[in-house]
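S.K.: Okay, handing you the structure first.
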Amino acid sequence: MQNFAEEFTEAFRLLARLDADLLAIVALSLRVSLSAALFAALIGLPLGALLAVTRFPGRRLANVVLAALMGLPPVVVGLLVYLLLSNAGALGPLQLLYTPAAMIVAQTLLVAPIIAALARQTIEDLKGEYGEQLAVLGLGPWQQISTLLWEARYSLLTALLAGFGRAIAEVGAVIIVGGNINHVTRVMTTTIALETSKGNLALALGLGVILVAIAVMVNGLVFALRATATRTAHG
Amino acid sequence: MAEARVLPVAAAGIVLSRRGRRLLDVPEFEISGTGLTVVLGPNGAGKSLLLRVLAGLIEPDGGRVTWAGRPPDRARARRLGFVFQRPVLLRRSAVANIVYALKVTGMDPALRRARADAVLRDARLEGLASSAARLLSGGEQQRLALARALALAPEVLFLDEPTTSLDPASTKAIEDMLKTAALAGTRIVLVTHDTAQARRLADEVVFLHLGRVLERGEARNFFRKSAAPEARAYLEGAILA
């Protein structure tokens with residue numbers, strides 16, 4: 001049995017002296033997950049808005065599929081992206097497997113349905129409230145969408161944060177497509193998994209503390225956004 | 001701003017049913033000229049539906065609506081104002097709500113703020129211009145919604161029970177704004193089930209029951225001796241079957 005107190009002390013020592021390896025891992029995690037959240041927003045927000053304001057056959061099925069995709073197991077997404085990017089896959093020639101780009105692709109696919117589904121719900125609710133008013137102003141569909149997106153800005157920011165939270169915390173997809181290569185594709189979650197299995201708890205704990213701190217900050221931001229929205233009656 | 005006309009707003013052969021129930025059955029109806037028409041009738045009479053059909057917000061199952069002889073179109077929608085029972089305000093300041101409406105309807109940017117300030121003054125909301133619209137009181141919100149509609153200088157203004165949940169002072173403020181707008185030439189159609197309000201405002205009354213127009217005439221005559229037995233019963237406070 002190891003001495004956990006010592007491991008904790010060493011973990012905080014790593015954090016305190018801003019260990020270069022640890023910082024590199026944190027930086028890569030943030031770069032990958034922030035990029036994924038951004039790309040997922042670029043896909044998810046218009047998709048959600050479109051599903052909310054347009055009517056077409058099969059729309060209900062699309063909504064059900066989207067809701068189901070919110071709960072996609074990260075390892076399955078990782079596997080699919082692996083198949084896509086491997087040499088025999090459709091995107092094999094791009095040689096992206098085991099690069100941060102592959103991890104961004106995997107996390108984007110994981111997060112886009114979450115942002116799209118939350119955006120759809122938010123905008124659909126707002127459309128119920130504003131639809132007739134926007135119609136009597138003579139607004140076309142695109143003007144309606146842009147107005148609704150702006151009116152929903154606080155809720156949509158919350159959706160983006162939820163997406164980022166999901167991306168930074170997942171391990172299954174990035175470990176498959178990134179390969180957990182030291183100094184190349186090693187992020188916080190995959191390092192924690194690896195170092196724990198090796199018995200190097202100090203680094204794992206140090207990263208764990210940072211991961212929890214990020215989760216707390218993201219949730220703090222969500223609360224602050226909600227409070228601002230309520231205070232200014234934008235909620 | 002577009003000057004295309006919408007009056008007369010006319011409906012012919014309007015039929016609207018939901019779940020096997022006939023909600024509207026209006027063979028002929030027209031809003032033209034000037035003045036303030038009150039649409040009276042008990043709950044479920046089809047008053048709000050008729051208003052929405054005329055405004056092009058609901059497509060009837062049968063019949064057709066025309067604005068100045070042509071089917072409703074988006075370009076002319078701005079010439080037709082609509083104030084809802086619950087004020088629909090954007091998550092912005094009071095003045096930004098009006099500026100937004102002026103912007104999307106194509107007003108010159110240089111003129112928007114001055115126009116918005118003018119209508120806020122008319123609505124006695126100038127002191128609340130920069131307040132968040134949705135934090136205003138119910139009465140202030142409805143005055144703002146009305147001010148926004150009037151800012152676009154509509155040819156015809158539809159109001160769907162705008163004072164139902166307001167106190168007497170707020171109701172009076174709305175009624176004063178409506179009287180001023182009517183005097184200035186805006187054609188107004190007001191749905192209400194408040195007979196006292198109808199007596200105060202109406203030049204003309206339309207009485208609706210079970211989706212049909214049972215009576216239409218000059219307000220004074222309607223309140224003195226309405227022809228339809230259902231209208232008489234309604235004015236006496238009876239519950240209509």
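Every chain in the structure tokens has a letter given in the order shown (A, B, ...), and although residue numbers restart at 1 in each chain, ligands are simply numbered from 1 in the order shown.
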With a distance threshold of 10 Å and counting only C-alpha atoms, extract the residues of chain A near chain B and express them as a ChimeraX atom specification.
M.R.: /A:129-140,143,147-148,150-153,229-235
S.K.: Using the selection just defined, write its residues with N, CA and C atoms as an mmCIF file, in the first residue's frame.
M.R.:
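Just written: part-v5.cif:
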```cif
data_model
loop_
_atom_site.group_PDB
_atom_site.id
_atom_site.type_symbol
_atom_site.label_atom_id
_atom_site.label_comp_id
_atom_site.auth_asym_id
_atom_site.auth_seq_id
_atom_site.Cartn_x
_atom_site.Cartn_y
_atom_site.Cartn_z
ATOM 1 N N GLU A 129 -42.422 31.525 -28.002
ATOM 2 C CA GLU A 129 -42.710 32.802 -27.361
ATOM 3 C C GLU A 129 -42.740 33.952 -28.386
ATOM 4 N N TYR A 130 -41.797 33.946 -29.321
ATOM 5 C CA TYR A 130 -41.610 35.098 -30.206
ATOM 6 C C TYR A 130 -42.168 34.914 -31.624
ATOM 7 N N GLY A 131 -42.520 33.679 -31.977
ATOM 8 C CA GLY A 131 -42.858 33.378 -33.367
ATOM 9 C C GLY A 131 -43.851 34.339 -33.984
ATOM 10 N N GLU A 132 -44.983 34.557 -33.303
ATOM 11 C CA GLU A 132 -46.022 35.414 -33.879
ATOM 12 C C GLU A 132 -45.549 36.855 -33.960
ATOM 13 N N GLN A 133 -44.825 37.309 -32.938
ATOM 14 C CA GLN A 133 -44.341 38.693 -32.936
ATOM 15 C C GLN A 133 -43.388 38.920 -34.112
ATOM 16 N N LEU A 134 -42.481 37.962 -34.343
ATOM 17 C CA LEU A 134 -41.532 38.120 -35.448
ATOM 18 C C LEU A 134 -42.270 38.048 -36.785
ATOM 19 N N ALA A 135 -43.319 37.229 -36.838
ATOM 20 C CA ALA A 135 -44.088 37.118 -38.083
ATOM 21 C C ALA A 135 -44.808 38.432 -38.386
ATOM 22 N N VAL A 136 -45.370 39.079 -37.359
ATOM 23 C CA VAL A 136 -46.091 40.329 -37.649
ATOM 24 C C VAL A 136 -45.129 41.461 -38.005
ATOM 25 N N LEU A 137 -43.865 41.285 -37.687
ATOM 26 C CA LEU A 137 -42.874 42.276 -38.136
ATOM 27 C C LEU A 137 -42.420 41.987 -39.563
ATOM 28 N N GLY A 138 -42.922 40.879 -40.126
ATOM 29 C CA GLY A 138 -42.599 40.547 -41.511
ATOM 30 C C GLY A 138 -41.214 39.948 -41.690
ATOM 31 N N LEU A 139 -40.683 39.294 -40.640
ATOM 32 C CA LEU A 139 -39.325 38.739 -40.733
ATOM 33 C C LEU A 139 -39.301 37.424 -41.508
ATOM 34 N N GLY A 140 -38.278 37.257 -42.329
ATOM 35 C CA GLY A 140 -38.072 35.997 -43.040
ATOM 36 C C GLY A 140 -37.376 34.994 -42.141
ATOM 37 N N GLN A 143 -33.813 35.971 -40.820
ATOM 38 C CA GLN A 143 -33.878 37.062 -39.833
ATOM 39 C C GLN A 143 -34.418 36.523 -38.507
ATOM 40 N N THR A 147 -32.340 36.500 -34.967
ATOM 41 C CA THR A 147 -32.930 37.137 -33.782
ATOM 42 C C THR A 147 -33.034 36.141 -32.633
ATOM 43 N N LEU A 148 -33.497 34.937 -32.945
ATOM 44 C CA LEU A 148 -33.670 33.930 -31.891
ATOM 45 C C LEU A 148 -32.319 33.532 -31.293
ATOM 46 N N TRP A 150 -29.680 35.388 -31.043
ATOM 47 C CA TRP A 150 -29.213 36.471 -30.179
ATOM 48 C C TRP A 150 -30.012 36.488 -28.872
ATOM 49 N N GLU A 151 -31.329 36.271 -28.971
ATOM 50 C CA GLU A 151 -32.150 36.264 -27.756
ATOM 51 C C GLU A 151 -31.757 35.118 -26.833
ATOM 52 N N ALA A 152 -31.251 34.027 -27.439
ATOM 53 C CA ALA A 152 -30.926 32.825 -26.652
ATOM 54 C C ALA A 152 -29.466 32.823 -26.221
ATOM 55 N N ARG A 153 -28.777 33.968 -26.379
ATOM 56 C CA ARG A 153 -27.319 33.943 -26.247
ATOM 57 C C ARG A 153 -26.821 33.369 -24.922
ATOM 58 N N ALA A 229 -28.128 36.623 -16.588
ATOM 59 C CA ALA A 229 -29.313 36.568 -17.445
ATOM 60 C C ALA A 229 -30.571 36.881 -16.645
ATOM 61 N N THR A 230 -30.659 36.328 -15.447
ATOM 62 C CA THR A 230 -31.855 36.554 -14.631
ATOM 63 C C THR A 230 -31.904 38.007 -14.161
ATOM 64 N N ARG A 231 -30.713 38.514 -13.747
ATOM 65 C CA ARG A 231 -30.674 39.876 -13.216
ATOM 66 C C ARG A 231 -31.119 40.889 -14.269
ATOM 67 N N THR A 232 -30.739 40.642 -15.498
ATOM 68 C CA THR A 232 -31.086 41.598 -16.535
ATOM 69 C C THR A 232 -32.307 41.143 -17.331
ATOM 70 N N ALA A 233 -32.998 40.131 -16.775
ATOM 71 C CA ALA A 233 -34.210 39.603 -17.431
ATOM 72 C C ALA A 233 -33.945 39.158 -18.853
ATOM 73 N N HIS A 234 -32.767 38.625 -19.065
ATOM 74 C CA HIS A 234 -32.470 38.087 -20.383
ATOM 75 C C HIS A 234 -32.665 36.576 -20.387
ATOM 76 N N GLY A 235 -32.993 36.011 -19.229
ATOM 77 C CA GLY A 235 -33.008 34.537 -19.102
ATOM 78 C C GLY A 235 -34.145 33.876 -19.813
#
```
S.K.: For Ala202 of chain B, please output as a list in words all residues within 9 Å (counting only C-alpha atoms; exclusion window: fewer than 3 positions along the same chain).
M.R.: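 The residues satisfying every condition are Gly35, Leu36, Thr37, Val38, Leu190, Gln197, Ala198, Arg199, Val205, Glu218, Ala219 and Arg220 of chain B.
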S.K.: As a short mmCIF file (atom, residue, chain, number, x, y, z; two decimals) with N, CA and C atoms, in the first residue's frame, please: every residue in segment 26-189 of chain A that a backbone DSSP assignment puts in alpha helix (DSSP H).
M.R.:
```cif
data_model
loop_
_atom_site.label_atom_id
_atom_site.label_comp_id
_atom_site.auth_asym_id
_atom_site.auth_seq_id
_atom_site.Cartn_x
_atom_site.Cartn_y
_atom_site.Cartn_z
N VAL A 26 -1.60 19.97 -19.73
CA VAL A 26 -2.79 20.81 -19.50
C VAL A 26 -3.06 21.67 -20.74
N ALA A 27 -1.99 22.26 -21.29
CA ALA A 27 -2.15 23.14 -22.45
C ALA A 27 -2.73 22.38 -23.63
N LEU A 28 -2.22 21.16 -23.87
CA LEU A 28 -2.73 20.37 -25.00
C LEU A 28 -4.21 20.02 -24.77
N SER A 29 -4.54 19.65 -23.53
CA SER A 29 -5.95 19.33 -23.21
C SER A 29 -6.85 20.51 -23.53
N LEU A 30 -6.42 21.69 -23.07
CA LEU A 30 -7.25 22.88 -23.30
C LEU A 30 -7.36 23.19 -24.79
N ARG A 31 -6.21 23.04 -25.50
CA ARG A 31 -6.22 23.36 -26.94
C ARG A 31 -7.18 22.42 -27.68
N VAL A 32 -7.07 21.13 -27.37
CA VAL A 32 -7.91 20.14 -28.06
C VAL A 32 -9.39 20.38 -27.72
N SER A 33 -9.69 20.52 -26.45
CA SER A 33 -11.11 20.58 -26.07
C SER A 33 -11.75 21.92 -26.42
N LEU A 34 -10.98 23.01 -26.30
CA LEU A 34 -11.55 24.31 -26.71
C LEU A 34 -11.79 24.33 -28.23
N SER A 35 -10.84 23.77 -28.99
CA SER A 35 -11.04 23.70 -30.45
C SER A 35 -12.27 22.86 -30.77
N ALA A 36 -12.37 21.72 -30.09
CA ALA A 36 -13.51 20.83 -30.35
C ALA A 36 -14.82 21.54 -30.02
N ALA A 37 -14.85 22.26 -28.89
CA ALA A 37 -16.08 22.96 -28.50
C ALA A 37 -16.42 24.03 -29.54
N LEU A 38 -15.39 24.70 -30.06
CA LEU A 38 -15.62 25.74 -31.06
C LEU A 38 -16.18 25.14 -32.36
N PHE A 39 -15.52 24.07 -32.83
CA PHE A 39 -16.01 23.44 -34.07
C PHE A 39 -17.42 22.86 -33.86
N ALA A 40 -17.61 22.26 -32.69
CA ALA A 40 -18.93 21.68 -32.40
C ALA A 40 -20.00 22.78 -32.37
N ALA A 41 -19.62 23.98 -31.89
CA ALA A 41 -20.58 25.09 -31.88
C ALA A 41 -20.90 25.53 -33.30
N LEU A 42 -19.85 25.55 -34.15
CA LEU A 42 -20.07 25.96 -35.55
C LEU A 42 -21.02 24.99 -36.26
N ILE A 43 -20.97 23.72 -35.86
CA ILE A 43 -21.88 22.73 -36.46
C ILE A 43 -23.22 22.73 -35.71
N GLY A 44 -23.13 22.71 -34.38
CA GLY A 44 -24.31 22.46 -33.55
C GLY A 44 -25.30 23.62 -33.50
N LEU A 45 -24.79 24.86 -33.44
CA LEU A 45 -25.73 25.99 -33.29
C LEU A 45 -26.63 26.16 -34.53
N PRO A 46 -26.05 26.23 -35.74
CA PRO A 46 -26.95 26.35 -36.90
C PRO A 46 -27.85 25.14 -37.07
N LEU A 47 -27.30 23.94 -36.79
CA LEU A 47 -28.12 22.73 -36.93
C LEU A 47 -29.30 22.76 -35.96
N GLY A 48 -29.02 23.11 -34.70
CA GLY A 48 -30.08 23.20 -33.70
C GLY A 48 -31.11 24.24 -34.09
N ALA A 49 -30.62 25.41 -34.56
CA ALA A 49 -31.53 26.50 -34.95
C ALA A 49 -32.41 26.07 -36.11
N LEU A 50 -31.79 25.40 -37.07
CA LEU A 50 -32.53 24.95 -38.25
C LEU A 50 -33.63 23.95 -37.86
N LEU A 51 -33.27 23.00 -36.99
CA LEU A 51 -34.25 22.02 -36.54
C LEU A 51 -35.38 22.69 -35.75
N ALA A 52 -35.04 23.79 -35.08
CA ALA A 52 -36.05 24.46 -34.25
C ALA A 52 -37.04 25.27 -35.09
N VAL A 53 -36.56 25.87 -36.17
CA VAL A 53 -37.45 26.79 -36.89
C VAL A 53 -38.04 26.22 -38.19
N ARG A 59 -38.76 15.32 -39.17
CA ARG A 59 -38.12 16.23 -38.21
C ARG A 59 -38.11 15.63 -36.80
N ARG A 60 -39.22 14.99 -36.46
CA ARG A 60 -39.32 14.39 -35.13
C ARG A 60 -38.27 13.29 -34.96
N LEU A 61 -38.11 12.49 -36.01
CA LEU A 61 -37.10 11.42 -35.97
C LEU A 61 -35.70 12.03 -35.81
N ALA A 62 -35.46 13.13 -36.53
CA ALA A 62 -34.16 13.80 -36.43
C ALA A 62 -33.91 14.26 -35.00
N ASN A 63 -34.96 14.76 -34.35
CA ASN A 63 -34.81 15.22 -32.97
C ASN A 63 -34.51 14.06 -32.02
N VAL A 64 -35.18 12.93 -32.27
CA VAL A 64 -34.95 11.75 -31.42
C VAL A 64 -33.50 11.26 -31.60
N VAL A 65 -33.06 11.21 -32.87
CA VAL A 65 -31.69 10.75 -33.15
C VAL A 65 -30.68 11.69 -32.49
N LEU A 66 -30.95 12.98 -32.59
CA LEU A 66 -30.04 13.97 -32.00
C LEU A 66 -29.96 13.79 -30.48
N ALA A 67 -31.12 13.58 -29.87
CA ALA A 67 -31.13 13.38 -28.41
C ALA A 67 -30.36 12.12 -28.05
N ALA A 68 -30.51 11.08 -28.87
CA ALA A 68 -29.79 9.83 -28.61
C ALA A 68 -28.28 10.02 -28.75
N LEU A 69 -27.90 10.85 -29.73
CA LEU A 69 -26.47 11.08 -29.96
C LEU A 69 -25.81 11.84 -28.80
N PRO A 74 -18.12 7.70 -25.51
CA PRO A 74 -16.90 8.23 -26.13
C PRO A 74 -16.07 7.16 -26.83
N VAL A 75 -16.01 5.94 -26.26
CA VAL A 75 -15.18 4.90 -26.91
C VAL A 75 -15.72 4.54 -28.29
N VAL A 76 -17.04 4.59 -28.44
CA VAL A 76 -17.64 4.27 -29.74
C VAL A 76 -17.28 5.36 -30.75
N VAL A 77 -17.36 6.62 -30.30
CA VAL A 77 -16.97 7.73 -31.18
C VAL A 77 -15.50 7.57 -31.55
N GLY A 78 -14.69 7.23 -30.55
CA GLY A 78 -13.25 7.02 -30.81
C GLY A 78 -13.04 5.94 -31.84
N LEU A 79 -13.76 4.86 -31.70
CA LEU A 79 -13.64 3.73 -32.64
C LEU A 79 -14.02 4.16 -34.06
N LEU A 80 -15.15 4.89 -34.17
CA LEU A 80 -15.59 5.33 -35.49
C LEU A 80 -14.57 6.26 -36.14
N VAL A 81 -14.06 7.19 -35.36
CA VAL A 81 -13.07 8.13 -35.92
C VAL A 81 -11.79 7.37 -36.27
N TYR A 82 -11.45 6.37 -35.44
CA TYR A 82 -10.26 5.53 -35.73
C TYR A 82 -10.42 4.84 -37.09
N LEU A 83 -11.61 4.26 -37.31
CA LEU A 83 -11.87 3.57 -38.59
C LEU A 83 -11.79 4.55 -39.76
N LEU A 84 -12.29 5.75 -39.51
CA LEU A 84 -12.31 6.78 -40.56
C LEU A 84 -10.90 7.25 -40.90
N LEU A 85 -10.07 7.38 -39.88
CA LEU A 85 -8.74 7.98 -40.09
C LEU A 85 -7.63 6.96 -40.32
N PRO A 100 -3.09 15.47 -32.49
CA PRO A 100 -4.12 16.25 -31.80
C PRO A 100 -5.33 16.54 -32.70
N ALA A 101 -5.10 16.67 -34.01
CA ALA A 101 -6.21 16.94 -34.93
C ALA A 101 -7.25 15.82 -34.85
N ALA A 102 -6.78 14.56 -34.77
CA ALA A 102 -7.71 13.43 -34.67
C ALA A 102 -8.53 13.53 -33.39
N MET A 103 -7.84 13.98 -32.32
CA MET A 103 -8.56 14.10 -31.04
C MET A 103 -9.62 15.21 -31.13
N ILE A 104 -9.27 16.28 -31.84
CA ILE A 104 -10.25 17.37 -32.00
C ILE A 104 -11.46 16.86 -32.80
N VAL A 105 -11.20 16.08 -33.85
CA VAL A 105 -12.30 15.53 -34.65
C VAL A 105 -13.21 14.68 -33.77
N ALA A 106 -12.60 13.79 -32.97
CA ALA A 106 -13.39 12.88 -32.13
C ALA A 106 -14.22 13.66 -31.11
N GLN A 107 -13.59 14.63 -30.46
CA GLN A 107 -14.34 15.38 -29.44
C GLN A 107 -15.41 16.28 -30.08
N THR A 108 -15.13 16.77 -31.29
CA THR A 108 -16.14 17.58 -31.99
C THR A 108 -17.39 16.73 -32.23
N LEU A 109 -17.17 15.49 -32.69
CA LEU A 109 -18.31 14.60 -32.96
C LEU A 109 -19.06 14.27 -31.67
N LEU A 110 -18.33 14.22 -30.59
CA LEU A 110 -18.94 13.89 -29.30
C LEU A 110 -19.78 15.06 -28.77
N VAL A 111 -19.29 16.26 -29.01
CA VAL A 111 -19.89 17.44 -28.40
C VAL A 111 -20.96 18.10 -29.29
N ALA A 112 -20.80 18.00 -30.61
CA ALA A 112 -21.74 18.69 -31.52
C ALA A 112 -23.21 18.31 -31.24
N PRO A 113 -23.51 17.01 -31.04
CA PRO A 113 -24.93 16.69 -30.77
C PRO A 113 -25.45 17.32 -29.48
N ILE A 114 -24.57 17.47 -28.49
CA ILE A 114 -25.01 18.08 -27.23
C ILE A 114 -25.38 19.54 -27.47
N ILE A 115 -24.50 20.25 -28.16
CA ILE A 115 -24.76 21.67 -28.43
C ILE A 115 -25.98 21.82 -29.34
N ALA A 116 -26.07 20.96 -30.36
CA ALA A 116 -27.21 21.05 -31.29
C ALA A 116 -28.53 20.79 -30.56
N ALA A 117 -28.56 19.76 -29.72
CA ALA A 117 -29.81 19.41 -29.04
C ALA A 117 -30.21 20.49 -28.05
N LEU A 118 -29.24 21.02 -27.30
CA LEU A 118 -29.57 22.08 -26.34
C LEU A 118 -30.00 23.35 -27.07
N ALA A 119 -29.31 23.65 -28.19
CA ALA A 119 -29.68 24.83 -28.97
C ALA A 119 -31.09 24.67 -29.54
N ARG A 120 -31.39 23.48 -30.06
CA ARG A 120 -32.72 23.25 -30.64
C ARG A 120 -33.81 23.50 -29.60
N GLN A 121 -33.60 22.91 -28.40
CA GLN A 121 -34.61 23.05 -27.35
C GLN A 121 -34.79 24.52 -26.96
N THR A 122 -33.67 25.21 -26.76
CA THR A 122 -33.72 26.61 -26.35
C THR A 122 -34.43 27.46 -27.40
N ILE A 123 -34.04 27.26 -28.66
CA ILE A 123 -34.57 28.12 -29.72
C ILE A 123 -36.03 27.77 -30.00
N GLU A 124 -36.36 26.49 -29.87
CA GLU A 124 -37.76 26.10 -30.08
C GLU A 124 -38.66 26.76 -29.03
N ASP A 125 -38.19 26.75 -27.77
CA ASP A 125 -38.97 27.41 -26.71
C ASP A 125 -39.14 28.89 -27.01
N LEU A 126 -38.04 29.53 -27.43
CA LEU A 126 -38.10 30.96 -27.73
C LEU A 126 -38.99 31.23 -28.93
N LYS A 127 -38.98 30.31 -29.88
CA LYS A 127 -39.80 30.50 -31.07
C LYS A 127 -41.29 30.48 -30.69
N GLY A 128 -41.61 29.58 -29.73
CA GLY A 128 -42.99 29.54 -29.24
C GLY A 128 -43.39 30.89 -28.66
N GLU A 129 -42.42 31.53 -28.00
CA GLU A 129 -42.71 32.80 -27.36
C GLU A 129 -42.74 33.95 -28.39
N TYR A 130 -41.80 33.95 -29.32
CA TYR A 130 -41.61 35.10 -30.21
C TYR A 130 -42.17 34.91 -31.62
N GLY A 131 -42.52 33.68 -31.98
CA GLY A 131 -42.86 33.38 -33.37
C GLY A 131 -43.85 34.34 -33.98
N GLU A 132 -44.98 34.56 -33.30
CA GLU A 132 -46.02 35.41 -33.88
C GLU A 132 -45.55 36.86 -33.96
N GLN A 133 -44.83 37.31 -32.94
CA GLN A 133 -44.34 38.69 -32.94
C GLN A 133 -43.39 38.92 -34.11
N LEU A 134 -42.48 37.96 -34.34
CA LEU A 134 -41.53 38.12 -35.45
C LEU A 134 -42.27 38.05 -36.78
N ALA A 135 -43.32 37.23 -36.84
CA ALA A 135 -44.09 37.12 -38.08
C ALA A 135 -44.81 38.43 -38.39
N VAL A 136 -45.37 39.08 -37.36
CA VAL A 136 -46.09 40.33 -37.65
C VAL A 136 -45.13 41.46 -38.00
N PRO A 141 -37.25 33.73 -42.60
CA PRO A 141 -36.69 32.67 -41.76
C PRO A 141 -35.28 33.00 -41.23
N TRP A 142 -34.41 33.57 -42.07
CA TRP A 142 -33.04 33.82 -41.62
C TRP A 142 -32.98 34.95 -40.61
N GLN A 143 -33.81 35.97 -40.82
CA GLN A 143 -33.88 37.06 -39.83
C GLN A 143 -34.42 36.52 -38.51
N GLN A 144 -35.39 35.60 -38.61
CA GLN A 144 -35.94 35.00 -37.39
C GLN A 144 -34.87 34.22 -36.66
N ILE A 145 -34.09 33.41 -37.41
CA ILE A 145 -33.05 32.59 -36.79
C ILE A 145 -32.02 33.48 -36.10
N SER A 146 -31.58 34.54 -36.78
CA SER A 146 -30.54 35.37 -36.17
C SER A 146 -31.08 36.08 -34.92
N THR A 147 -32.34 36.50 -34.97
CA THR A 147 -32.93 37.14 -33.78
C THR A 147 -33.03 36.14 -32.63
N LEU A 148 -33.50 34.94 -32.95
CA LEU A 148 -33.67 33.93 -31.89
C LEU A 148 -32.32 33.53 -31.29
N LEU A 149 -31.29 33.41 -32.15
CA LEU A 149 -29.95 33.05 -31.64
C LEU A 149 -29.46 34.13 -30.68
N TRP A 150 -29.68 35.39 -31.04
CA TRP A 150 -29.21 36.47 -30.18
C TRP A 150 -30.01 36.49 -28.87
N GLU A 151 -31.33 36.27 -28.97
CA GLU A 151 -32.15 36.26 -27.76
C GLU A 151 -31.76 35.12 -26.83
N ARG A 153 -28.78 33.97 -26.38
CA ARG A 153 -27.32 33.94 -26.25
C ARG A 153 -26.82 33.37 -24.92
N TYR A 154 -27.49 33.69 -23.82
CA TYR A 154 -27.00 33.20 -22.53
C TYR A 154 -27.18 31.68 -22.41
N SER A 155 -28.32 31.19 -22.83
CA SER A 155 -28.56 29.75 -22.78
C SER A 155 -27.60 29.02 -23.72
N LEU A 156 -27.33 29.63 -24.88
CA LEU A 156 -26.44 28.98 -25.85
C LEU A 156 -25.00 28.95 -25.33
N LEU A 157 -24.59 30.01 -24.64
CA LEU A 157 -23.26 30.00 -24.03
C LEU A 157 -23.17 28.88 -22.99
N THR A 158 -24.24 28.70 -22.25
CA THR A 158 -24.29 27.60 -21.28
C THR A 158 -24.13 26.26 -21.99
N ALA A 159 -24.77 26.12 -23.13
CA ALA A 159 -24.66 24.88 -23.91
C ALA A 159 -23.22 24.66 -24.36
N LEU A 160 -22.56 25.76 -24.78
CA LEU A 160 -21.16 25.64 -25.21
C LEU A 160 -20.28 25.19 -24.04
N LEU A 161 -20.53 25.75 -22.87
CA LEU A 161 -19.74 25.36 -21.70
C LEU A 161 -19.99 23.90 -21.35
N ALA A 162 -21.25 23.48 -21.46
CA ALA A 162 -21.57 22.07 -21.19
C ALA A 162 -20.81 21.18 -22.16
N GLY A 163 -20.75 21.60 -23.42
CA GLY A 163 -20.01 20.84 -24.43
C GLY A 163 -18.53 20.77 -24.11
N PHE A 164 -17.96 21.91 -23.72
CA PHE A 164 -16.54 21.94 -23.38
C PHE A 164 -16.28 21.04 -22.16
N GLY A 165 -17.17 21.08 -21.20
CA GLY A 165 -17.03 20.24 -20.00
C GLY A 165 -17.01 18.76 -20.36
N ARG A 166 -17.88 18.39 -21.29
CA ARG A 166 -17.93 16.99 -21.72
C ARG A 166 -16.63 16.61 -22.44
N ALA A 167 -16.13 17.55 -23.28
CA ALA A 167 -14.93 17.26 -24.07
C ALA A 167 -13.71 17.08 -23.17
N ILE A 168 -13.51 18.01 -22.26
CA ILE A 168 -12.26 17.99 -21.47
C ILE A 168 -12.24 16.81 -20.50
N ALA A 169 -13.43 16.30 -20.16
CA ALA A 169 -13.48 15.23 -19.16
C ALA A 169 -13.45 13.84 -19.76
N GLY A 172 -12.23 8.13 -23.32
CA GLY A 172 -12.34 6.99 -24.24
C GLY A 172 -12.01 7.31 -25.68
N ALA A 173 -12.50 8.44 -26.17
CA ALA A 173 -12.30 8.76 -27.59
C ALA A 173 -10.87 9.19 -27.86
N VAL A 174 -10.34 10.07 -27.01
CA VAL A 174 -8.99 10.60 -27.28
C VAL A 174 -7.90 9.54 -27.13
N ILE A 175 -8.13 8.59 -26.27
CA ILE A 175 -7.09 7.57 -26.08
C ILE A 175 -7.02 6.65 -27.30
N ILE A 176 -8.18 6.43 -27.96
CA ILE A 176 -8.18 5.56 -29.14
C ILE A 176 -7.57 6.27 -30.34
N VAL A 177 -7.99 7.52 -30.59
CA VAL A 177 -7.51 8.19 -31.81
C VAL A 177 -6.20 8.95 -31.60
N GLY A 178 -5.89 9.25 -30.32
CA GLY A 178 -4.65 9.98 -30.04
C GLY A 178 -3.51 9.06 -29.70
N MET A 188 -4.85 15.39 -20.24
CA MET A 188 -5.00 15.16 -18.80
C MET A 188 -5.65 13.82 -18.48
N THR A 189 -6.77 13.55 -19.16
CA THR A 189 -7.50 12.33 -18.79
C THR A 189 -6.70 11.08 -19.14
#
```
S.K.: Go ahead and compute the interatomic distance for atom CA of Arg124 of chain B and atom CA of Lys172 of chain B, in Å to one decimal.
M.R.: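 So the answer is 12.6 Å.
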S.K.: Need to verify the contact set: segment 109-112 of chain B, 10 Å, only C-alpha atoms, exclusion of same-chain residues closer than 3 positions in sequence. Can you return it as a short mmCIF file (atom, residue, chain, number, x, y, z; two decimals) with C-alpha atoms, in the first residue's frame?
M.R.:
```
data_model
loop_
_atom_site.label_atom_id
_atom_site.label_comp_id
_atom_site.auth_asym_id
_atom_site.auth_seq_id
_atom_site.Cartn_x
_atom_site.Cartn_y
_atom_site.Cartn_z
CA VAL B 95 -35.71 51.48 -26.22
CA ALA B 96 -33.78 48.63 -27.90
CA ILE B 98 -38.43 49.65 -30.40
CA VAL B 99 -35.17 50.29 -32.26
CA TYR B 100 -35.09 46.59 -33.20
CA ALA B 101 -38.58 46.77 -34.73
CA LEU B 102 -37.64 49.92 -36.65
CA LYS B 103 -34.43 48.29 -37.85
CA GLY B 106 -36.08 49.06 -42.74
CA ARG B 115 -38.49 57.81 -33.40
CA ALA B 116 -38.07 55.34 -30.52
CA ASP B 117 -37.63 58.19 -28.01
CA ALA B 118 -40.74 59.91 -29.36
CA ALA B 151 -43.66 53.24 -33.80
#
```
S.K.: Between atom CA of Ile239 of chain B and atom CA of Pro42 of chain B, what distance in Å does the model show, to one decimal?
M.R.: 8.1 Å
S.K.: Which of these residues is nearest to Leu178 of chain B, using only C-alpha atoms: B:Val206, B:Ala123, B:Ile31, B:Ala231?
M.R.: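 Result for the nearest residue to Leu178 of chain B: B:Ala123.
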S.K.: From the list B:Ile14, B:Leu157, B:Leu208, B:Met177, which residue is nearest Thr192 of chain B when using only C-alpha atoms?
M.R.: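 The closest residue to Thr192 of chain B is B:Leu208.
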